[in-house]
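First comes the structure, then the notes that go with it.
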Amino acid sequence: MFLKGKSAIVTGSTSGIGLAYARALAAEGAAVVINGFGDAAAIEAERAALAAASGSVALYDPADMTKPDEIAAMVQRCTDTLGGPDIVINNAGIQHVAPVDQFPTDKWDAIIAINLSSAFHVIHAAVPAMKAKGWGRIISTASAHSLVASPNKSAYVAAKHGVVGLSKAVALEVARDGITVNCISPGYVWTPLVENQIPDTMKARGLTREQVMNDVLLAAQPTKQFVTPEQVAALALFLCRDEASAITGANLSVDGGWTAA
């Protein structure tokens with residue numbers, strides 16, 4: 001348990017990749033603050049499981065990632081209860097798909113707020129405590145779309161490119177403070193969100209389940225295999241190790257070869 005005595009905040013962590021991050025951190029002894037929306041009973045069950053796994057404290061904070069004041073309050077709650085966060089993982093994200101001339105402006109604003117601006121607000125609030133300790137790990141979930149584009153995803157692509165730029169700038173600023181700042185860029189990850197898209201796509205395109213998975217969702221991934229949340233979380237865990245202290249300002253792909261072409 002190499003993270004015993006450390007505290008972590010993971011945004012967007014009540015399911016999917018974010019929950020995998022939280023579970024990985026707790027398994028190594030970190031006290032974890034999870035965040036996101038969902039069924040209250042299910043969230044409480046996950047929170048209790050995280051506390052049991054870590055032998056430490058696990059908290060749930062419902063901060064809305066579009067509201068800077070709530071983000072700051074979440075970081076302050078971590079500081080007051082667990083000590084200033086040693087690790088922050090910016091994972092909250094949403095998606096909307098439409099041509100740019102038909103893209104709803106409210107959807108653009110929400111995607112930029114949740115996928116990009118929330119990362120700034122978490123970092124802004126967390127860095128002072130990390131500087132004071134002389135140690136910190138800041139990790140943001142970017143995407144293969146931080147490196148390449150797809151049509152009809154202008155807001156998402158812009159936000160993910162922005163997260164990488166933000167991370168590189170902050171990495172340079174805190175390079176002498178014992179803090180590393182990196183991005184992880186997954187390709188298509190097998191989550192309930194992805195799985196639930198399959199039936200509608202089958203119906204809309206007249207395809208079989210296998211055709212949707214291989215020819216639509218995995219069209220860009222040469223391995224023809226989904227990335228798993230646990231694979232993404234394992235990389236985040238390595239970035240928290242002292243052996244990874246020289247890795248900063250990096251954008252690390254976990255995409256089955258998507259961005260190699």
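In the structure tokens, the first chain shown is A, the next is B, and so on; residue numbers restart at 1 for each chain, and ligands run from 1 in the order shown.
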Identify, on the basis of only C-alpha atoms, every residue whose closest approach to segment 89-103 of chain A does not exceed 8 Å; exclude the query and any residue fewer than 6 positions from it along the same chain; express the result as a JSON list (two decimals) with all heavy atoms, in the first residue's frame.
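Saved as around.json:
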[["chain", "number", "residue", "atom", "x", "y", "z"],
["A", 8, "ALA", "N", -6.64, 11.61, -2.07],
["A", 8, "ALA", "CA", -6.86, 11.81, -3.50],
["A", 8, "ALA", "C", -8.28, 12.28, -3.76],
["A", 8, "ALA", "O", -9.22, 11.87, -3.08],
["A", 8, "ALA", "CB", -6.60, 10.51, -4.26],
["A", 9, "ILE", "N", -8.43, 13.13, -4.76],
["A", 9, "ILE", "CA", -9.73, 13.54, -5.28],
["A", 9, "ILE", "C", -9.82, 13.05, -6.71],
["A", 9, "ILE", "O", -8.91, 13.28, -7.51],
["A", 9, "ILE", "CB", -9.89, 15.07, -5.26],
["A", 9, "ILE", "CG1", -9.87, 15.61, -3.83],
["A", 9, "ILE", "CG2", -11.19, 15.48, -5.96],
["A", 9, "ILE", "CD1", -9.86, 17.13, -3.75],
["A", 10, "VAL", "N", -10.92, 12.37, -7.04],
["A", 10, "VAL", "CA", -11.16, 11.92, -8.41],
["A", 10, "VAL", "C", -12.52, 12.46, -8.84],
["A", 10, "VAL", "O", -13.55, 12.08, -8.26],
["A", 10, "VAL", "CB", -11.15, 10.39, -8.53],
["A", 10, "VAL", "CG1", -11.26, 9.98, -10.00],
["A", 10, "VAL", "CG2", -9.88, 9.79, -7.90],
["A", 11, "THR", "N", -12.55, 13.34, -9.82],
["A", 11, "THR", "CA", -13.83, 13.87, -10.28],
["A", 11, "THR", "C", -14.46, 12.90, -11.29],
["A", 11, "THR", "O", -13.78, 12.13, -11.95],
["A", 11, "THR", "CB", -13.67, 15.25, -10.93],
["A", 11, "THR", "OG1", -12.95, 15.14, -12.17],
["A", 11, "THR", "CG2", -12.93, 16.21, -10.00],
["A", 12, "GLY", "N", -15.77, 12.94, -11.37],
["A", 12, "GLY", "CA", -16.47, 12.05, -12.29],
["A", 12, "GLY", "C", -16.17, 10.60, -12.00],
["A", 12, "GLY", "O", -15.82, 9.84, -12.90],
["A", 13, "SER", "N", -16.32, 10.20, -10.72],
["A", 13, "SER", "CA", -15.80, 8.88, -10.32],
["A", 13, "SER", "C", -16.85, 7.97, -9.71],
["A", 13, "SER", "O", -16.52, 7.05, -8.95],
["A", 13, "SER", "CB", -14.65, 9.07, -9.33],
["A", 13, "SER", "OG", -15.01, 9.94, -8.27],
["A", 17, "ILE", "N", -14.44, 4.89, -15.85],
["A", 17, "ILE", "CA", -13.00, 5.09, -15.65],
["A", 17, "ILE", "C", -12.72, 5.73, -14.31],
["A", 17, "ILE", "O", -11.80, 5.34, -13.59],
["A", 17, "ILE", "CB", -12.41, 5.96, -16.78],
["A", 17, "ILE", "CG1", -12.56, 5.28, -18.14],
["A", 17, "ILE", "CG2", -10.94, 6.25, -16.52],
["A", 17, "ILE", "CD1", -12.20, 6.18, -19.32],
["A", 18, "GLY", "N", -13.53, 6.71, -13.93],
["A", 18, "GLY", "CA", -13.30, 7.41, -12.68],
["A", 18, "GLY", "C", -13.39, 6.49, -11.48],
["A", 18, "GLY", "O", -12.57, 6.59, -10.54],
["A", 36, "GLY", "N", -19.46, 12.90, -8.42],
["A", 36, "GLY", "CA", -20.24, 12.62, -9.62],
["A", 36, "GLY", "C", -21.71, 12.50, -9.28],
["A", 36, "GLY", "O", -22.14, 12.76, -8.15],
["A", 65, "MET", "N", -19.48, 20.10, -11.46],
["A", 65, "MET", "CA", -18.26, 20.52, -12.14],
["A", 65, "MET", "C", -18.44, 21.75, -13.04],
["A", 65, "MET", "O", -17.46, 22.25, -13.60],
["A", 65, "MET", "CB", -17.70, 19.37, -12.96],
["A", 65, "MET", "CG", -17.13, 18.24, -12.13],
["A", 65, "MET", "SD", -15.68, 18.71, -11.13],
["A", 65, "MET", "CE", -16.43, 18.73, -9.49],
["A", 111, "ILE", "N", -19.84, 21.42, -22.19],
["A", 111, "ILE", "CA", -18.69, 20.54, -22.45],
["A", 111, "ILE", "C", -17.39, 21.23, -22.07],
["A", 111, "ILE", "O", -16.51, 20.64, -21.43],
["A", 111, "ILE", "CB", -18.69, 20.08, -23.91],
["A", 111, "ILE", "CG1", -19.82, 19.07, -24.13],
["A", 111, "ILE", "CG2", -17.34, 19.45, -24.29],
["A", 111, "ILE", "CD1", -20.05, 18.70, -25.58],
["A", 114, "ILE", "N", -17.26, 21.44, -18.12],
["A", 114, "ILE", "CA", -17.04, 20.18, -17.39],
["A", 114, "ILE", "C", -15.76, 19.48, -17.81],
["A", 114, "ILE", "O", -15.01, 18.98, -16.97],
["A", 114, "ILE", "CB", -18.26, 19.25, -17.57],
["A", 114, "ILE", "CG1", -19.50, 19.88, -16.90],
["A", 114, "ILE", "CG2", -17.99, 17.86, -17.00],
["A", 114, "ILE", "CD1", -20.80, 19.17, -17.19],
["A", 115, "ASN", "N", -15.46, 19.46, -19.10],
["A", 115, "ASN", "CA", -14.30, 18.72, -19.59],
["A", 115, "ASN", "C", -12.99, 19.49, -19.46],
["A", 115, "ASN", "O", -11.92, 18.87, -19.41],
["A", 115, "ASN", "CB", -14.50, 18.33, -21.06],
["A", 115, "ASN", "CG", -15.64, 17.35, -21.26],
["A", 115, "ASN", "OD1", -16.67, 17.44, -20.63],
["A", 115, "ASN", "ND2", -15.48, 16.41, -22.18],
["A", 118, "SER", "N", -13.31, 22.71, -15.44],
["A", 118, "SER", "CA", -13.31, 22.09, -14.11],
["A", 118, "SER", "C", -11.90, 21.62, -13.73],
["A", 118, "SER", "O", -11.52, 21.69, -12.56],
["A", 118, "SER", "CB", -14.28, 20.92, -14.05],
["A", 118, "SER", "OG", -13.82, 19.81, -14.80],
["A", 119, "ALA", "N", -11.13, 21.16, -14.72],
["A", 119, "ALA", "CA", -9.76, 20.74, -14.44],
["A", 119, "ALA", "C", -8.93, 21.91, -13.93],
["A", 119, "ALA", "O", -8.15, 21.78, -12.98],
["A", 119, "ALA", "CB", -9.12, 20.14, -15.70],
["A", 122, "VAL", "N", -10.01, 22.66, -10.25],
["A", 122, "VAL", "CA", -9.48, 21.69, -9.29],
["A", 122, "VAL", "C", -7.99, 21.93, -9.07],
["A", 122, "VAL", "O", -7.51, 21.98, -7.93],
["A", 122, "VAL", "CB", -9.72, 20.24, -9.78],
["A", 122, "VAL", "CG1", -9.00, 19.25, -8.87],
["A", 122, "VAL", "CG2", -11.20, 19.92, -9.82],
["A", 138, "ILE", "N", -0.90, 15.31, -10.35],
["A", 138, "ILE", "CA", -2.08, 15.81, -11.06],
["A", 138, "ILE", "C", -2.20, 15.04, -12.36],
["A", 138, "ILE", "O", -1.27, 15.02, -13.17],
["A", 138, "ILE", "CB", -1.97, 17.32, -11.34],
["A", 138, "ILE", "CG1", -1.87, 18.11, -10.03],
["A", 138, "ILE", "CG2", -3.16, 17.80, -12.18],
["A", 138, "ILE", "CD1", -1.51, 19.58, -10.22],
["A", 139, "ILE", "N", -3.31, 14.37, -12.53],
["A", 139, "ILE", "CA", -3.54, 13.54, -13.71],
["A", 139, "ILE", "C", -4.90, 13.93, -14.29],
["A", 139, "ILE", "O", -5.87, 14.08, -13.55],
["A", 139, "ILE", "CB", -3.54, 12.04, -13.35],
["A", 139, "ILE", "CG1", -2.19, 11.63, -12.73],
["A", 139, "ILE", "CG2", -3.85, 11.18, -14.58],
["A", 139, "ILE", "CD1", -2.21, 10.28, -12.03],
["A", 140, "SER", "N", -4.96, 14.11, -15.59],
["A", 140, "SER", "CA", -6.23, 14.42, -16.24],
["A", 140, "SER", "C", -6.52, 13.39, -17.32],
["A", 140, "SER", "O", -5.62, 13.02, -18.09],
["A", 140, "SER", "CB", -6.20, 15.82, -16.85],
["A", 140, "SER", "OG", -6.08, 16.81, -15.83],
["A", 141, "THR", "N", -7.76, 12.95, -17.37],
["A", 141, "THR", "CA", -8.18, 12.07, -18.45],
["A", 141, "THR", "C", -8.42, 12.92, -19.68],
["A", 141, "THR", "O", -9.35, 13.73, -19.71],
["A", 141, "THR", "CB", -9.47, 11.31, -18.09],
["A", 141, "THR", "OG1", -9.29, 10.62, -16.86],
["A", 141, "THR", "CG2", -9.82, 10.30, -19.18],
["A", 151, "PRO", "N", -15.19, 14.14, -36.86],
["A", 151, "PRO", "CA", -16.23, 15.10, -37.21],
["A", 151, "PRO", "C", -17.36, 15.10, -36.18],
["A", 151, "PRO", "O", -17.60, 14.10, -35.51],
["A", 151, "PRO", "CB", -16.73, 14.62, -38.57],
["A", 151, "PRO", "CG", -16.35, 13.17, -38.63],
["A", 151, "PRO", "CD", -15.10, 13.05, -37.84],
["A", 152, "ASN", "N", -18.02, 16.23, -36.07],
["A", 152, "ASN", "CA", -19.21, 16.40, -35.24],
["A", 152, "ASN", "C", -18.92, 16.39, -33.73],
["A", 152, "ASN", "O", -19.84, 16.26, -32.93],
["A", 152, "ASN", "CB", -20.27, 15.34, -35.57],
["A", 152, "ASN", "CG", -20.64, 15.33, -37.04],
["A", 152, "ASN", "OD1", -20.76, 16.39, -37.66],
["A", 152, "ASN", "ND2", -20.79, 14.15, -37.62],
["A", 153, "LYS", "N", -17.65, 16.53, -33.37],
["A", 153, "LYS", "CA", -17.27, 16.54, -31.95],
["A", 153, "LYS", "C", -16.43, 17.77, -31.63],
["A", 153, "LYS", "O", -15.44, 17.69, -30.90],
["A", 153, "LYS", "CB", -16.51, 15.25, -31.58],
["A", 153, "LYS", "CG", -17.34, 13.98, -31.74],
["A", 153, "LYS", "CD", -16.55, 12.75, -31.33],
["A", 153, "LYS", "CE", -17.40, 11.49, -31.48],
["A", 153, "LYS", "NZ", -16.66, 10.25, -31.07],
["A", 154, "SER", "N", -16.81, 18.92, -32.20],
["A", 154, "SER", "CA", -15.97, 20.11, -32.08],
["A", 154, "SER", "C", -15.70, 20.50, -30.63],
["A", 154, "SER", "O", -14.56, 20.81, -30.26],
["A", 154, "SER", "CB", -16.59, 21.29, -32.84],
["A", 154, "SER", "OG", -17.91, 21.53, -32.38],
["A", 155, "ALA", "N", -16.72, 20.49, -29.79],
["A", 155, "ALA", "CA", -16.54, 20.92, -28.39],
["A", 155, "ALA", "C", -15.66, 19.93, -27.63],
["A", 155, "ALA", "O", -14.75, 20.34, -26.89],
["A", 155, "ALA", "CB", -17.90, 21.06, -27.72],
["A", 156, "TYR", "N", -15.91, 18.65, -27.80],
["A", 156, "TYR", "CA", -15.15, 17.62, -27.09],
["A", 156, "TYR", "C", -13.68, 17.65, -27.51],
["A", 156, "TYR", "O", -12.78, 17.60, -26.66],
["A", 156, "TYR", "CB", -15.76, 16.26, -27.38],
["A", 156, "TYR", "CG", -15.21, 15.13, -26.54],
["A", 156, "TYR", "CD1", -15.69, 14.90, -25.26],
["A", 156, "TYR", "CD2", -14.23, 14.27, -27.04],
["A", 156, "TYR", "CE1", -15.21, 13.85, -24.48],
["A", 156, "TYR", "CE2", -13.75, 13.22, -26.27],
["A", 156, "TYR", "CZ", -14.23, 13.01, -25.00],
["A", 156, "TYR", "OH", -13.74, 11.98, -24.24]]
List every residue of segment 94-212 of chain A that DSSP, applied to the backbone of this structure, places in helix (DSSP H, G or I), and write the result as an MDAnalysis selection string. chainID A and resid 100:102 105:133 144:146 154:173 192:195 198:205 209:212
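Of the residues under consideration (A:Leu116, A:Val216, A:Ala125, A:Val181), A:Ala125 shows the shortest atom-to-atom contact distance to Glu70 of chain A when counting only C-alpha atoms.
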Counting only C-alpha atoms, the residue of A:Thr81, A:Ala132, A:Ile87, A:Val33 that sits nearest Leu237 of chain A: A:Ile87
For a quick check of understanding, using only C-alpha atoms, which of A:Ala171, A:Trp108, A:Leu147, A:Asp80 has the smallest distance to Ala129 of chain A? A:Asp80
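Interatomic distance, atom CA of Ala31 of chain A against atom CA of Ser56 of chain A: 5.4 Å.
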